[in-house]
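J.: Pasting a structure below so you can have a look.
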Amino acid sequence: MSLKLRDLIRQVRACKTAAEERAVIAKESAMIRTAIREEQEHYRHRNVAKLLFMHMLGYPTHFGQLECMKLVASPHFPEKRIGYLGMMLLLSEQADVLMLATNSLKNDLNSDNKFIAGLALCAIGNLATADMSRDLAPEVDKHLGNSKPYLRKKACLAMARCLTKCSDMVEDFVDRVVSLLNDRSHGVLITVVQLMTRVLVMDGEYNNEANINGEGDYNDTDTDSPCRAAFLRLVPSLVKLLRNLLSMGYSPDHDVGGISDPFLQVQILTLLRLLGANNVKASEEMNDVLAQVATNTETSKNAGNAILYECVQTIMAVESDDGLRVLAVNILGRFLLNRDNNIRYVALNTLAKCIADGSSSHGSGDDDGGDGGGEDGSGANTAASALQRHRTTVVECLKDPDISIRQRALELIYHLVNQENVEALTAELLNYLVLCPREHRSDICTRVLRVVDKFSPDDRWRVDTLITMLTIAGRECSVNVQSSTVVYVTRSSEDLRAYSTHKLLKAIRDDDGGQRGLLNVGVWCIGEYGDLLLKPYSYQPSSSSGGENMSEAAETPVTVSFMELEPIAVVDIVEEVMARHTCPMEVKQRALTCFTKLRERFSGVADGETLEKLQSLVVKHEGSQSLELQLRSCEYGALINAIKGISVKRGEPSSAGGEEDIFGGGGSGVGGSESVSATVIAAAKEALARMPVVDVKLMQRKREERSGAMMEGDMMDPFDDAGGADAVSAAAPASAAAGGGGEPSLLDLDDIFGGGGVAVAPAKQNGISTMAASVQPAKAEPAVQSDVDLLSDIFSAPPAATPAPAAVGGFDLFSQPPAAQQHPAINSNDLFAPQPMAAPAPAVLSMSSSANAIDPFAAPVQQQQPQQQQQASSVIPATSNAASVGGPTPSEVTVQGFTHQGLTVEFKCSKPDAWNKQNSVLIAKFINTTDAPLYGLHLQVAVPKYITMEMKPPTSTTVPVTGGSSTKEVTQTISVTNTMLGNKNLMLKVKASFTSKGTKVEHMTTCSGFPTGQF
């Protein structure tokens, strides 16, 4: 025999551990299952009650669902009550057994016992599905006109569920809903208003969905649906009902905290908000009663605050007049003075939402208006201007201990900022920046930057604010904030640059080294404008600055002054920053640049010891473990020596017999030095001169041009017949025009170093980015440039004159090279460029064996023949006339595919048919150079339109480590047919994907190094 419910509760409460509780529940569940199998009817209601208790504890009770159905069908009210309760708790509308209850529900709805009919209506309101709603809606409709208020209010809630599930029945019950609004029972009125609210919400969702799909019948905003039109006629009745509630005296049945039926008032205000949205006539009818609710409601109790909050929501949503909106904002302002954090949070959230929505709707309209703090009378501006009077209260919320209150106040302050109060509110934001959690500082810095950029009264205040922000939150600020600060300093006047540099130097000196953003900006400005630190600086702010915050202090402004510094003092401060063990690597790199520029800035004013110290600080990182520091140290040391007129020998014997120096020339001395030309000295000084002023509009225009060119390149089919030559030839003049003209830009190295003779367009071959040069006329002979040494164009000597090319522009990747070109141009810096074939014999196309070809720091090798001058771009190799279609075909040729993250792919090319030169077989060989196998190998190949291809699956999708004792070679066979052999060369676009050490790797490249005329 199973336990009673009270005994089960007592046993569960007596359990010491969760295991004991699970054992008790499992034992009782087994006994309930036994009782269900044995059809023990007299214990059925007790078992369902115990299942409800188990369900509350979170244990499975699905085995008792049918028992609930049996209890619902029982003729006794106690069992029926337990059955309906179990059905509403243990079942969901997705349960299949729910359809069995439809007949029982219909029978109970027709019962003479109002409590049994009420149970059925409650079940329909909670669990009715679409099919049940259609079957039972007529029975529910009968109870809408029942004489008993108990059943009418339950029928309204059940009908709301039915109409939610079957929205197409809404129009059939509109008249019945309208007649119920005259009911005298407050319970019925609340449920009727809820039903009308639900119908309006569904009607709006249905119309919106229909309009999106193009099937709506009410696309015009002036045309309302039948439901909405019928409810709009009831607005005077709703207004009258709300006014009666306000003027009603004390009623013990409906009084809550001295307010007459606040629940019904809130529901009516919600319904009025839906009816008055985008309807001027309805809004005018409800304006008076809204003002009456806002002014006569008592705020000492929570019920009154709930009514006022709903009233404010309604005022902001309907087409109310300006005075009413000001009243709503004042109500929310009073909420901010409440001690209850929940009320303050609601007020802040509502204010921010109202101001933001009003500003966005005002900004999208055609009417003229001011900014967020104007007084021009439009709805959004009126709310914002009224909120300005509560600005002090909002700012005080930033000091609240509750983090949620502070975050809502911060969001609201962003909407309050305008030209008049930007200085005061920004000061409050900076004060909050000191106290806010570290994870929120980055977002606040970005928002302060936007505020400063939009509403800044002058450049000095803007720079001063940004430097203060970097001093407070330089560790968390983003790179955009640092870059913007640098741009503002560079675009300012010389006087403001001196002020900014002095202030940044003082901030760096007082900082403990943790503010990374401050160090980045400060070190850059010291290197750029270090000569301004050697002069004293003083500034006396005007009495008008400071706005409303300046009162008596405005009459006697404080003079800001900085003393001049010695060069060695400036150097020591930057050296101390760089010497800290916590100094980030990016700050060290900027400090190295700073030392190099200070060596040039102080060349005429500092003593020899300081200059030597600067040079030693630069060159001491030539052996650094950081490649970036090492590279910068070597290059900057060369720049300093070039300015001094010294050419440093590097001890590497050149091909000419002498030694080659870092400037690209040869010498006869050993380890010595000699003077350099005046051109090199001038170029080095220009490299260390001040950066040009950033033109933001020019940068944006060039960025748009670059993004547009990249999008064109992505959209162009690389395997189109006419895509190759046209794309490259069109890109080169465009790049030359963008780089050669216009104002200087920080993004263009040609503008900084005075170049511009050669326009370079990017190309790609075998996955290696190369540059296709398009030569155009220039004032001076362009120097031979290397794509690895960034300074070779500064220090290399002018080359001998070379014959002008026959054609200007790009090249066609698929066209046959001209027959007259016997010696193709060789790019020694392209590690993967294929070499020309000297004879039609088997050869392996791989990297050049020259040591200089793989040394990125070596000077360019002097070629022996003028026809093999080293170019700035890699050129596709061409063969002689002997390599034609009819010539002998090699038995097998190995072509390098690509190498990426330990996977190397080689193609062994052969001709299967001697009589058909167009057919070729490519065997892709996969080589694993890592220390672990590669899994999930998948190779995809695309070919141009003139080539047909057939791929077989790889021999294995796992590539073992190459070189092992039992390594099995992994290959994949590809058969291709070149239908335009002799006119077009074979070209593959390869995409490989694999998993290396748990990381998914994907790589895509183009393979075009196949011998011309053979494949």
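Naming scheme: A, B, ... for chains in displayed order of the structure tokens; residues 1 onward per chain; ligands 1 onward as shown.
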Just want the 8 Å neighbourhood of segment 67-71 of chain A, counted on only C-alpha atoms, with same-chain residues fewer than 6 positions away dropped. Output as a PyMOL selection string.
T.: chain A and resi 36+44-45+48+79-80+82-84+86-87+100-101
J.: Can you list every residue in segment 225-311 of chain A that DSSP puts in strand (DSSP E), as a list in words?
T.: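 Restricting segment 225-311 of chain A to strand (DSSP E) produces Asp255, Val256, Ile259 and Ser260 of chain A.
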J.: Calculated over only C-alpha atoms, which of the candidates A:Asn338, A:Gln901, A:Ser404, A:Ser247 has the smallest distance to Ser260 of chain A?
T.: A:Ser247
J.: Using only C-alpha atoms, determine which residues lie at most 12 Å from Pro401 of chain A, disregarding the query and same-chain residues fewer than 5 positions distant; provide the list as a PyMOL selection string.
T.: chain A and resi 341+396+406-407+435-436
J.: Neighbouring residues of Thr468 of chain A were defined as those with any atom within 12 Å, considering only C-alpha atoms; residues of the same chain fewer than 2 positions away were excluded. Please report them as a PyMOL selection string.
T.: chain A and resi 426-427+429-431+433-434+445+448-449+461-466+470-474+485+500+503-504+506-508+515+517-518
J.: Would you pick out the contacts of Ala117 of chain A at 12 Å or less, using only C-alpha atoms, so that residues sharing its chain but fewer than 2 positions from it are not included, and give the list as a PyMOL selection string?
T.: chain A and resi 72+77+80-81+84+104-115+119-124+139-140+142-143+146+148+150-152+154-155+158
J.: Just the selected residues (N, CA, C and O atoms), exported as a CSV table (one decimal), in the first residue's frame, please.
T.:
```
chain,number,residue,atom,x,y,z
A,72,VAL,N,-10.2,13.4,-14.7
A,72,VAL,CA,-11.0,14.4,-15.3
A,72,VAL,C,-12.4,13.8,-15.7
A,72,VAL,O,-13.4,14.5,-15.6
A,77,PHE,N,-16.6,15.7,-7.9
A,77,PHE,CA,-15.8,17.0,-8.0
A,77,PHE,C,-14.4,16.9,-7.4
A,77,PHE,O,-13.5,17.5,-8.0
A,80,LYS,N,-12.2,15.2,-9.8
A,80,LYS,CA,-12.1,16.0,-11.1
A,80,LYS,C,-11.2,17.2,-10.8
A,80,LYS,O,-10.4,17.6,-11.7
A,81,ARG,N,-11.2,17.8,-9.6
A,81,ARG,CA,-10.3,18.9,-9.3
A,81,ARG,C,-8.9,18.5,-9.4
A,81,ARG,O,-8.0,19.2,-9.9
A,84,TYR,N,-7.9,17.9,-13.1
A,84,TYR,CA,-7.6,19.1,-13.9
A,84,TYR,C,-6.3,19.7,-13.4
A,84,TYR,O,-5.5,20.2,-14.2
A,104,SER,N,-14.2,15.3,-22.6
A,104,SER,CA,-14.4,15.6,-21.2
A,104,SER,C,-14.6,17.1,-21.0
A,104,SER,O,-15.4,17.5,-20.2
A,105,LEU,N,-13.8,17.9,-21.6
A,105,LEU,CA,-13.8,19.3,-21.5
A,105,LEU,C,-15.2,19.9,-22.0
A,105,LEU,O,-15.8,20.7,-21.3
A,106,LYS,N,-15.7,19.3,-23.1
A,106,LYS,CA,-16.9,19.8,-23.6
A,106,LYS,C,-18.1,19.4,-22.7
A,106,LYS,O,-19.0,20.2,-22.5
A,107,ASN,N,-18.0,18.2,-22.1
A,107,ASN,CA,-19.1,17.8,-21.2
A,107,ASN,C,-19.0,18.7,-19.9
A,107,ASN,O,-20.1,19.1,-19.4
A,108,ASP,N,-17.9,19.0,-19.4
A,108,ASP,CA,-17.8,19.8,-18.2
A,108,ASP,C,-18.2,21.3,-18.5
A,108,ASP,O,-18.7,21.9,-17.6
A,109,LEU,N,-18.0,21.8,-19.7
A,109,LEU,CA,-18.4,23.1,-20.0
A,109,LEU,C,-19.9,23.3,-20.0
A,109,LEU,O,-20.5,24.4,-19.7
A,110,ASN,N,-20.6,22.2,-20.2
A,110,ASN,CA,-22.1,22.2,-20.2
A,110,ASN,C,-22.6,21.8,-18.8
A,110,ASN,O,-23.9,21.6,-18.7
A,111,SER,N,-21.8,21.6,-17.8
A,111,SER,CA,-22.2,21.2,-16.5
A,111,SER,C,-23.0,22.4,-15.8
A,111,SER,O,-22.7,23.6,-16.0
A,112,ASP,N,-23.9,22.0,-15.0
A,112,ASP,CA,-24.7,23.0,-14.2
A,112,ASP,C,-23.9,23.5,-13.0
A,112,ASP,O,-24.2,24.6,-12.5
A,113,ASN,N,-22.9,22.8,-12.6
A,113,ASN,CA,-22.0,23.2,-11.5
A,113,ASN,C,-21.0,24.3,-12.0
A,113,ASN,O,-20.2,24.0,-12.9
A,114,LYS,N,-21.1,25.5,-11.5
A,114,LYS,CA,-20.2,26.5,-12.1
A,114,LYS,C,-18.8,26.2,-11.7
A,114,LYS,O,-17.9,26.7,-12.5
A,115,PHE,N,-18.5,25.5,-10.7
A,115,PHE,CA,-17.1,25.2,-10.3
A,115,PHE,C,-16.5,24.2,-11.3
A,115,PHE,O,-15.3,24.2,-11.7
A,119,LEU,N,-13.4,24.9,-13.9
A,119,LEU,CA,-12.2,24.1,-14.0
A,119,LEU,C,-11.9,23.8,-15.5
A,119,LEU,O,-10.8,23.9,-16.0
A,120,ALA,N,-13.0,23.5,-16.3
A,120,ALA,CA,-12.8,23.3,-17.7
A,120,ALA,C,-12.3,24.5,-18.4
A,120,ALA,O,-11.4,24.5,-19.3
A,121,LEU,N,-12.8,25.7,-18.1
A,121,LEU,CA,-12.4,26.9,-18.7
A,121,LEU,C,-10.9,27.2,-18.3
A,121,LEU,O,-10.1,27.7,-19.2
A,122,CYS,N,-10.5,26.9,-17.1
A,122,CYS,CA,-9.1,27.1,-16.7
A,122,CYS,C,-8.2,26.2,-17.5
A,122,CYS,O,-7.1,26.7,-17.9
A,123,ALA,N,-8.6,25.0,-17.7
A,123,ALA,CA,-7.8,24.1,-18.5
A,123,ALA,C,-7.6,24.5,-19.9
A,123,ALA,O,-6.6,24.4,-20.5
A,124,ILE,N,-8.7,25.0,-20.5
A,124,ILE,CA,-8.6,25.5,-21.9
A,124,ILE,C,-7.7,26.7,-21.9
A,124,ILE,O,-6.9,26.9,-22.9
A,139,GLU,N,-18.4,26.6,-27.3
A,139,GLU,CA,-18.8,26.4,-25.9
A,139,GLU,C,-18.3,27.5,-25.0
A,139,GLU,O,-19.0,27.9,-24.1
A,140,VAL,N,-17.1,28.0,-25.3
A,140,VAL,CA,-16.5,29.1,-24.5
A,140,VAL,C,-17.3,30.3,-24.8
A,140,VAL,O,-17.6,31.1,-23.9
A,142,LYS,N,-20.5,30.6,-25.3
A,142,LYS,CA,-21.7,30.6,-24.6
A,142,LYS,C,-21.5,31.2,-23.2
A,142,LYS,O,-22.4,31.9,-22.7
A,143,HIS,N,-20.3,30.9,-22.6
A,143,HIS,CA,-20.1,31.4,-21.2
A,143,HIS,C,-19.7,32.8,-21.2
A,143,HIS,O,-19.7,33.4,-20.1
A,146,ASN,N,-22.8,34.3,-20.0
A,146,ASN,CA,-23.3,33.7,-18.8
A,146,ASN,C,-23.7,34.7,-17.8
A,146,ASN,O,-23.1,35.8,-17.7
A,148,LYS,N,-23.4,34.5,-14.7
A,148,LYS,CA,-22.5,34.4,-13.5
A,148,LYS,C,-21.2,35.1,-13.8
A,148,LYS,O,-20.5,34.7,-14.8
A,150,TYR,N,-18.4,34.8,-12.3
A,150,TYR,CA,-17.4,33.9,-12.1
A,150,TYR,C,-17.0,33.1,-13.4
A,150,TYR,O,-15.8,32.9,-13.7
A,151,LEU,N,-18.0,32.8,-14.2
A,151,LEU,CA,-17.8,32.1,-15.4
A,151,LEU,C,-17.4,33.1,-16.6
A,151,LEU,O,-16.7,32.7,-17.5
A,152,ARG,N,-18.0,34.3,-16.5
A,152,ARG,CA,-17.7,35.2,-17.6
A,152,ARG,C,-16.2,35.6,-17.6
A,152,ARG,O,-15.6,35.7,-18.7
A,154,LYS,N,-13.7,33.8,-16.4
A,154,LYS,CA,-12.9,32.7,-16.9
A,154,LYS,C,-13.0,32.4,-18.4
A,154,LYS,O,-12.1,32.0,-19.0
A,155,ALA,N,-14.2,32.7,-18.9
A,155,ALA,CA,-14.4,32.5,-20.3
A,155,ALA,C,-13.6,33.5,-21.1
A,155,ALA,O,-13.2,33.2,-22.2
A,158,ALA,N,-10.2,32.1,-21.3
A,158,ALA,CA,-10.1,31.0,-22.2
A,158,ALA,C,-10.2,31.4,-23.6
A,158,ALA,O,-9.5,30.8,-24.5
```
